[in-house]
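Engineer: File name work_27.pdb; file contents PDB, C-alpha atoms, pLDDT in the B column; full text below.
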MODEL        1
ATOM      1  CA  MET P   9      24.575   1.285  48.462  1.00 47.00           C
ATOM      2  CA  LEU P  10      20.951   2.283  47.916  1.00 42.00           C
ATOM      3  CA  ARG P  11      22.042   4.856  45.367  1.00 44.00           C
ATOM      4  CA  ARG P  12      24.057   2.214  43.479  1.00 41.00           C
ATOM      5  CA  LEU P  13      21.071  -0.171  43.486  1.00 38.00           C
ATOM      6  CA  SER P  14      18.781   2.577  42.225  1.00 41.00           C
ATOM      7  CA  LEU P  15      21.200   3.376  39.420  1.00 40.00           C
ATOM      8  CA  VAL P  16      21.478  -0.312  38.505  1.00 40.00           C
ATOM      9  CA  GLY P  17      17.666  -0.628  38.576  1.00 43.00           C
ATOM     10  CA  LEU P  18      17.287   2.402  36.334  1.00 39.00           C
ATOM     11  CA  CYS P  19      19.806   0.945  33.881  1.00 43.00           C
ATOM     12  CA  LEU P  20      17.948  -2.369  33.838  1.00 40.00           C
ATOM     13  CA  VAL P  21      14.772  -0.508  32.886  1.00 40.00           C
ATOM     14  CA  LEU P  22      16.293   1.900  30.338  1.00 41.00           C
ATOM     15  CA  VAL P  23      18.826  -0.299  28.543  1.00 39.00           C
ATOM     16  CA  PRO P  24      16.265  -2.709  27.032  1.00 39.00           C
ATOM     17  CA  ALA P  25      14.152   0.243  25.876  1.00 39.00           C
ATOM     18  CA  VAL P  26      17.117   1.875  24.140  1.00 37.00           C
ATOM     19  CA  ALA P  27      18.931  -1.244  22.981  1.00 37.00           C
ATOM     20  CA  TRP P  28      15.823  -3.042  21.758  1.00 37.00           C
ATOM     21  CA  PRO P  29      14.967  -1.284  18.495  1.00 43.00           C
ATOM     22  CA  VAL P  30      12.334  -2.590  16.130  1.00 44.00           C
ATOM     23  CA  ARG P  31      13.794  -5.741  14.620  1.00 50.00           C
ATOM     24  CA  ALA P  32      13.519  -6.781  11.014  1.00 52.00           C
ATOM     25  CA  GLY P  33      10.386  -8.868  10.749  1.00 59.00           C
ATOM     26  CA  ASP P  34       8.403  -6.959  13.414  1.00 86.00           C
ATOM     27  CA  ARG P  35       4.980  -5.860  12.154  1.00 92.00           C
ATOM     28  CA  ARG P  36       4.542  -2.106  11.980  1.00 96.00           C
ATOM     29  CA  PRO P  37       1.465  -0.063  11.123  1.00 98.00           C
ATOM     30  CA  PHE P  38       1.284   0.943   7.467  1.00 98.00           C
ATOM     31  CA  LYS P  39      -0.946   3.720   6.140  1.00 98.00           C
ATOM     32  CA  GLY P  40      -1.075   5.664   2.915  1.00 98.00           C
ATOM     33  CA  ASN P  41      -3.126   8.388   1.253  1.00 98.00           C
ATOM     34  CA  CYS P  42      -2.370   8.679  -2.448  1.00 98.00           C
ATOM     35  CA  VAL P  43      -3.652  10.305  -5.596  1.00 98.00           C
ATOM     36  CA  ALA P  44      -3.038   8.890  -9.041  1.00 98.00           C
ATOM     37  CA  THR P  45      -4.212   8.943 -12.640  1.00 98.00           C
ATOM     38  CA  TRP P  46      -5.171   5.910 -14.719  1.00 98.00           C
ATOM     39  CA  ASP P  47      -4.417   5.755 -18.441  1.00 97.00           C
ATOM     40  CA  ASN P  48      -7.907   4.206 -18.799  1.00 97.00           C
ATOM     41  CA  VAL P  49      -9.126   1.856 -16.107  1.00 96.00           C
ATOM     42  CA  PHE P  50     -11.165  -0.105 -18.682  1.00 95.00           C
ATOM     43  CA  ASN P  51      -7.942  -1.072 -20.466  1.00 96.00           C
ATOM     44  CA  GLY P  52      -7.770  -3.517 -17.575  1.00 96.00           C
ATOM     45  CA  LEU P  53     -10.703  -5.387 -19.117  1.00 94.00           C
ATOM     46  CA  PHE P  54     -10.317  -4.851 -22.860  1.00 94.00           C
ATOM     47  CA  MET P  55      -6.534  -4.404 -23.338  1.00 95.00           C
ATOM     48  CA  PRO P  56      -4.941  -5.442 -20.036  1.00 96.00           C
ATOM     49  CA  PRO P  57      -3.344  -4.124 -18.078  1.00 98.00           C
ATOM     50  CA  ALA P  58      -4.562  -0.663 -17.127  1.00 98.00           C
ATOM     51  CA  ASN P  59      -1.737   1.529 -15.759  1.00 98.00           C
ATOM     52  CA  PHE P  60      -1.568   4.363 -13.262  1.00 98.00           C
ATOM     53  CA  ILE P  61       0.996   6.725 -11.770  1.00 98.00           C
ATOM     54  CA  GLY P  62       0.730   9.002  -8.758  1.00 98.00           C
ATOM     55  CA  GLN P  63       2.110   9.944  -5.383  1.00 98.00           C
ATOM     56  CA  GLY P  64       1.130  10.258  -1.771  1.00 98.00           C
ATOM     57  CA  ASN P  65       2.202  10.215   1.835  1.00 98.00           C
ATOM     58  CA  VAL P  66       2.926   6.679   2.963  1.00 98.00           C
ATOM     59  CA  THR P  67       4.180   5.429   6.325  1.00 96.00           C
ATOM     60  CA  HIS P  68       7.862   4.363   6.232  1.00 96.00           C
ATOM     61  CA  LEU P  69       8.378   6.035   2.802  1.00 97.00           C
ATOM     62  CA  GLY P  70       7.258   9.642   3.296  1.00 97.00           C
ATOM     63  CA  LEU P  71       6.162  11.336   0.086  1.00 98.00           C
ATOM     64  CA  ALA P  72       6.334   8.404  -2.321  1.00 98.00           C
ATOM     65  CA  HIS P  73       5.804   7.959  -6.025  1.00 98.00           C
ATOM     66  CA  GLN P  74       3.625   5.069  -7.073  1.00 98.00           C
ATOM     67  CA  GLN P  75       2.991   3.174 -10.245  1.00 98.00           C
ATOM     68  CA  GLY P  76       0.764   0.210 -10.806  1.00 98.00           C
ATOM     69  CA  THR P  77      -1.132  -2.037 -13.151  1.00 98.00           C
ATOM     70  CA  MET P  78      -4.498  -3.754 -12.983  1.00 98.00           C
ATOM     71  CA  THR P  79      -6.357  -6.444 -14.890  1.00 98.00           C
ATOM     72  CA  LEU P  80     -10.149  -6.543 -14.628  1.00 97.00           C
ATOM     73  CA  GLU P  81     -12.297  -9.648 -15.030  1.00 95.00           C
ATOM     74  CA  PRO P  82     -15.838  -9.731 -16.454  1.00 93.00           C
ATOM     75  CA  PRO P  83     -18.445  -8.534 -13.948  1.00 92.00           C
ATOM     76  CA  ILE P  84     -19.534 -10.944 -11.246  1.00 82.00           C
ATOM     77  CA  ASP P  85     -23.056  -9.483 -11.310  1.00 75.00           C
ATOM     78  CA  VAL P  86     -24.101  -7.826 -14.549  1.00 71.00           C
ATOM     79  CA  GLN P  87     -26.890  -5.839 -12.889  1.00 80.00           C
ATOM     80  CA  GLN P  88     -24.642  -4.458 -10.148  1.00 76.00           C
ATOM     81  CA  VAL P  89     -21.679  -4.045 -12.529  1.00 90.00           C
ATOM     82  CA  MET P  90     -19.060  -5.252 -10.034  1.00 94.00           C
ATOM     83  CA  PHE P  91     -15.729  -6.073 -11.709  1.00 96.00           C
ATOM     84  CA  PRO P  92     -13.149  -8.215  -9.872  1.00 97.00           C
ATOM     85  CA  GLY P  93      -9.597  -7.061 -10.445  1.00 97.00           C
ATOM     86  CA  HIS P  94      -6.007  -7.692  -9.460  1.00 98.00           C
ATOM     87  CA  GLY P  95      -2.665  -6.045 -10.003  1.00 98.00           C
ATOM     88  CA  THR P  96       0.650  -4.821  -8.671  1.00 98.00           C
ATOM     89  CA  VAL P  97       1.771  -1.505  -7.158  1.00 98.00           C
ATOM     90  CA  THR P  98       5.294  -0.244  -6.501  1.00 98.00           C
ATOM     91  CA  LEU P  99       5.859   2.636  -4.090  1.00 98.00           C
ATOM     92  CA  THR P 100       9.194   4.471  -4.368  1.00 98.00           C
ATOM     93  CA  ALA P 101      10.647   6.557  -1.518  1.00 98.00           C
ATOM     94  CA  ALA P 102      12.727   9.698  -2.130  1.00 97.00           C
ATOM     95  CA  ASN P 103      15.942   7.693  -1.558  1.00 97.00           C
ATOM     96  CA  GLY P 104      14.953   5.144  -4.242  1.00 98.00           C
ATOM     97  CA  ASP P 105      13.909   2.283  -1.914  1.00 98.00           C
ATOM     98  CA  GLU P 106      10.897   0.461  -3.345  1.00 98.00           C
ATOM     99  CA  LEU P 107       8.045  -1.392  -1.649  1.00 98.00           C
ATOM    100  CA  THR P 108       5.845  -3.622  -3.835  1.00 98.00           C
ATOM    101  CA  PHE P 109       2.459  -5.192  -3.214  1.00 98.00           C
ATOM    102  CA  HIS P 110      -0.089  -7.272  -5.090  1.00 98.00           C
ATOM    103  CA  PHE P 111      -3.752  -6.437  -4.698  1.00 98.00           C
ATOM    104  CA  GLU P 112      -7.142  -7.921  -5.469  1.00 98.00           C
ATOM    105  CA  GLY P 113     -10.554  -6.403  -5.068  1.00 98.00           C
ATOM    106  CA  VAL P 114     -13.790  -5.381  -6.710  1.00 97.00           C
ATOM    107  CA  LEU P 115     -14.547  -2.211  -8.682  1.00 96.00           C
ATOM    108  CA  ASP P 116     -18.125  -0.897  -8.745  1.00 95.00           C
ATOM    109  CA  VAL P 117     -18.322   0.967 -12.065  1.00 93.00           C
ATOM    110  CA  ASN P 118     -21.560   2.696 -11.005  1.00 93.00           C
ATOM    111  CA  THR P 119     -19.754   4.541  -8.215  1.00 96.00           C
ATOM    112  CA  GLY P 120     -16.060   4.205  -9.139  1.00 97.00           C
ATOM    113  CA  VAL P 121     -15.373   2.690  -5.715  1.00 98.00           C
ATOM    114  CA  GLY P 122     -12.877  -0.147  -5.450  1.00 98.00           C
ATOM    115  CA  ASP P 123     -12.264  -2.081  -2.262  1.00 98.00           C
ATOM    116  CA  GLY P 124     -10.002  -5.010  -1.538  1.00 98.00           C
ATOM    117  CA  ARG P 125      -6.875  -6.400   0.042  1.00 98.00           C
ATOM    118  CA  PHE P 126      -3.168  -6.071  -0.658  1.00 98.00           C
ATOM    119  CA  GLU P 127      -0.125  -8.161   0.230  1.00 98.00           C
ATOM    120  CA  PHE P 128       3.490  -6.972   0.298  1.00 98.00           C
ATOM    121  CA  VAL P 129       5.796  -9.066  -1.868  1.00 98.00           C
ATOM    122  CA  GLY P 130       9.140  -7.400  -1.168  1.00 96.00           C
ATOM    123  CA  GLY P 131      11.036  -4.467  -2.506  1.00 97.00           C
ATOM    124  CA  THR P 132      14.498  -2.974  -2.643  1.00 98.00           C
ATOM    125  CA  GLY P 133      16.792  -1.320  -0.110  1.00 98.00           C
ATOM    126  CA  ARG P 134      15.363  -1.507   3.388  1.00 96.00           C
ATOM    127  CA  PHE P 135      12.181  -3.101   1.978  1.00 97.00           C
ATOM    128  CA  ALA P 136      13.901  -6.162   0.487  1.00 97.00           C
ATOM    129  CA  GLY P 137      11.950  -9.138   1.806  1.00 96.00           C
ATOM    130  CA  ALA P 138       9.051  -6.994   3.086  1.00 97.00           C
ATOM    131  CA  THR P 139       5.897  -8.867   4.095  1.00 98.00           C
ATOM    132  CA  GLY P 140       2.493  -7.978   5.466  1.00 98.00           C
ATOM    133  CA  GLY P 141      -0.589  -6.455   3.920  1.00 98.00           C
ATOM    134  CA  GLY P 142      -3.929  -4.842   4.563  1.00 98.00           C
ATOM    135  CA  THR P 143      -6.940  -3.275   2.915  1.00 98.00           C
ATOM    136  CA  PHE P 144      -7.446  -0.498   0.389  1.00 98.00           C
ATOM    137  CA  HIS P 145     -10.298   1.823  -0.524  1.00 98.00           C
ATOM    138  CA  ALA P 146     -10.076   3.587  -3.882  1.00 98.00           C
ATOM    139  CA  VAL P 147     -12.341   6.091  -5.611  1.00 98.00           C
ATOM    140  CA  ILE P 148     -11.879   6.519  -9.370  1.00 98.00           C
ATOM    141  CA  ASP P 149     -13.626   9.305 -11.281  1.00 98.00           C
ATOM    142  CA  LEU P 150     -14.976   7.297 -14.212  1.00 96.00           C
ATOM    143  CA  SER P 151     -16.629  10.347 -15.814  1.00 96.00           C
ATOM    144  CA  TYR P 152     -13.328  10.947 -17.635  1.00 95.00           C
ATOM    145  CA  PRO P 153     -12.887   8.769 -20.756  1.00 92.00           C
ATOM    146  CA  VAL P 154      -9.105   8.645 -20.166  1.00 94.00           C
ATOM    147  CA  ALA P 155      -6.715   9.975 -17.504  1.00 97.00           C
ATOM    148  CA  GLN P 156      -9.162   9.051 -14.739  1.00 98.00           C
ATOM    149  CA  PRO P 157      -8.135  10.524 -11.366  1.00 98.00           C
ATOM    150  CA  MET P 158      -8.072   8.232  -8.342  1.00 98.00           C
ATOM    151  CA  THR P 159      -7.671   8.612  -4.593  1.00 98.00           C
ATOM    152  CA  VAL P 160      -6.682   5.582  -2.538  1.00 98.00           C
ATOM    153  CA  VAL P 161      -6.331   4.897   1.165  1.00 98.00           C
ATOM    154  CA  LEU P 162      -4.122   2.015   2.347  1.00 98.00           C
ATOM    155  CA  ASP P 163      -4.346   0.538   5.833  1.00 98.00           C
ATOM    156  CA  GLY P 164      -2.353  -2.445   7.063  1.00 98.00           C
ATOM    157  CA  GLN P 165       0.894  -3.693   8.542  1.00 98.00           C
ATOM    158  CA  VAL P 166       4.376  -4.213   7.127  1.00 98.00           C
ATOM    159  CA  SER P 167       7.451  -6.127   8.242  1.00 97.00           C
ATOM    160  CA  TYR P 168      10.911  -5.369   6.867  1.00 94.00           C
TER
ENDMDL
END
What is this file in C-alpha cells?

Structural biologist:
Amino acid sequence: MLRRLSLVGLCLVLVPAVAWPVRAGDRRPFKGNCVATWDNVFNGLFMPPANFIGQGNVTHLGLAHQQGTMTLEPPIDVQQVMFPGHGTVTLTAANGDELTFHFEGVLDVNTGVGDGRFEFVGGTGRFAGATGGGTFHAVIDLSYPVAQPMTVVLDGQVSY
C-alpha cells in the first residue's frame, strides 16, 4: 500500500511538470546579439527611411536574418546631437518564421550609440500574434559614409 501511495505521489509531482508545457501567451526571456549594415543611417533623416540587413543569434529563432528600417527626427539638442528615431525590424528564422517589432530610441551621432525600447507586433508561423518587448543597445560606426556597420543587443521578453 505504501509503495502504491509513493508511486501515486510521484505521479502527482511529475505529471504536471511534464504535461504543463509553456503555453502560448506565457512570457519568455528574449535576447539577441546581431550585426548588420546600414545603407546610410542618415537617409533616415534626409530621405527616409534608412535600411539595414544583417544576422545574429536570437533566442527562439537561432541564427536569424534581420532587416529593418528607421526614420530619424531632427535633433532634440543641437549641441549634444541626439536624434530621436523609430522604425521596424523583422527577424527571420531558418524555417522562415518571422518575428517583427517596432522600436523607438535616440541616436547619439557623436558616438554612434543608439538606445531605446522595442515592442513585438506579431509575425508569422509560431510567432503569429507575438507580443512583448524590451530594450536595445546599438553601436553604429558612423565613420563610413555608406554601408555603416552596426552591432545591436536586444534584451526583453516575448509571448507567442

Engineer: When you count all atoms listed in the file, which of these residues is closest to P:Thr132: P:Gly104, P:Gly120, P:Pro157, P:Gly113?

Structural biologist: P:Gly104

Engineer: How would you write, as a ChimeraX atom specification, the residues chosen by the PyMOL selection byres ((chain P and resi 57-60) around 12) on this structure?

Structural biologist: /P:42-56,61-63,73-81,93-99,148,154-160

Engineer: Tell me which residues the PyMOL selection byres ((chain P and resi 142) around 7) grabs here, as a PyMOL selection string.

Structural biologist: chain P and resi 125-127+141+143-144+163-165

Engineer: May I ask which of the residues P:Asp105, P:Asp123, P:Asp34, P:Asp85 is the closest one to P:Ala136, counting all atoms listed in the file?

Structural biologist: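 Closest to P:Ala136 of all the choices is P:Asp105.
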
Engineer: Would you place a box with edges along x, y and z of the file around all atoms of stretch 55-59 of chain P listed there, add 5 Å to each of its six sides, and report the centre and edge lengths in Å to one decimal, as JSON?

Structural biologist:
{"center_x": -4.1, "center_y": -2.0, "center_z": -19.5, "size_x": 14.8, "size_y": 17.0, "size_z": 17.6}

Engineer: Tell me which of P:Gly122, P:His68, P:Gly130, P:Gly40 sits closest to P:Val147, counting all atoms listed in the file.

Structural biologist: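 When distances to P:Val147 are compared using all atoms listed in the file, the smallest one comes from P:Gly122.
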
Engineer: Let me know the residues the PyMOL selection byres ((chain P and resi 118) around 10) catches in the file above, as a list in words.

Structural biologist: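 Selected by the PyMOL selection byres ((chain P and resi 118) around 10) here: Gln88, Val89, Met90, Leu115, Asp116, Val117, Thr119, Gly120, Val121 and Leu150 of chain P.
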
Engineer: Can you write just those residues out, C-alpha atoms, as a PDB file, keeping the file's coordinate frame?

Structural biologist:
ATOM      1  CA  GLN P  88     -24.642  -4.458 -10.148  1.00 76.00           C
ATOM      2  CA  VAL P  89     -21.679  -4.045 -12.529  1.00 90.00           C
ATOM      3  CA  MET P  90     -19.060  -5.252 -10.034  1.00 94.00           C
ATOM      4  CA  LEU P 115     -14.547  -2.211  -8.682  1.00 96.00           C
ATOM      5  CA  ASP P 116     -18.125  -0.897  -8.745  1.00 95.00           C
ATOM      6  CA  VAL P 117     -18.322   0.967 -12.065  1.00 93.00           C
ATOM      7  CA  THR P 119     -19.754   4.541  -8.215  1.00 96.00           C
ATOM      8  CA  GLY P 120     -16.060   4.205  -9.139  1.00 97.00           C
ATOM      9  CA  VAL P 121     -15.373   2.690  -5.715  1.00 98.00           C
ATOM     10  CA  LEU P 150     -14.976   7.297 -14.212  1.00 96.00           C
TER      11      LEU P 150
END

Engineer: My list of candidates is P:Ile84, P:Thr108, P:Phe135, P:Phe38. Which is closest to P:Tyr168 when distances are computed with all atoms listed in the file?

Structural biologist: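 Nearest candidate to P:Tyr168 out of P:Ile84, P:Thr108, P:Phe135, P:Phe38: P:Phe135.
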
Engineer: Between atom CA of P:Phe128 and atom CA of P:Pro82, what is the distance, to one decimal in Å?

Structural biologist: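 Atom CA of P:Phe128 sits 25.7 Å away from atom CA of P:Pro82.
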
Engineer: From the set P:Gly124, P:Gly64, P:Pro92, P:Pro37, which residue has the shortest atom-to-atom contact distance to P:Gly140, counting only C-alpha atoms?

Structural biologist: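 Of P:Gly124, P:Gly64, P:Pro92, P:Pro37, the one nearest P:Gly140 is P:Pro37, counting only C-alpha atoms.
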
Engineer: To one decimal place, how far is atom CA of P:Thr139 from atom CA of P:Ser167 in Å?

Structural biologist: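 Separation between atom CA of P:Thr139 and atom CA of P:Ser167: 5.2 Å.
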
Engineer: One decimal, in Å: what's the spacing between atom CA of P:Asp149 and atom CA of P:Glu112?

Structural biologist: 19.3 Å

Engineer: I'd like to know which of P:Phe109, P:Gly70, P:Asn65, P:Val114 is closest to P:His145, using all atoms listed in the file.

Structural biologist: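 Checking each of P:Phe109, P:Gly70, P:Asn65, P:Val114 against P:His145, counting all atoms listed in the file, the winner is P:Val114.
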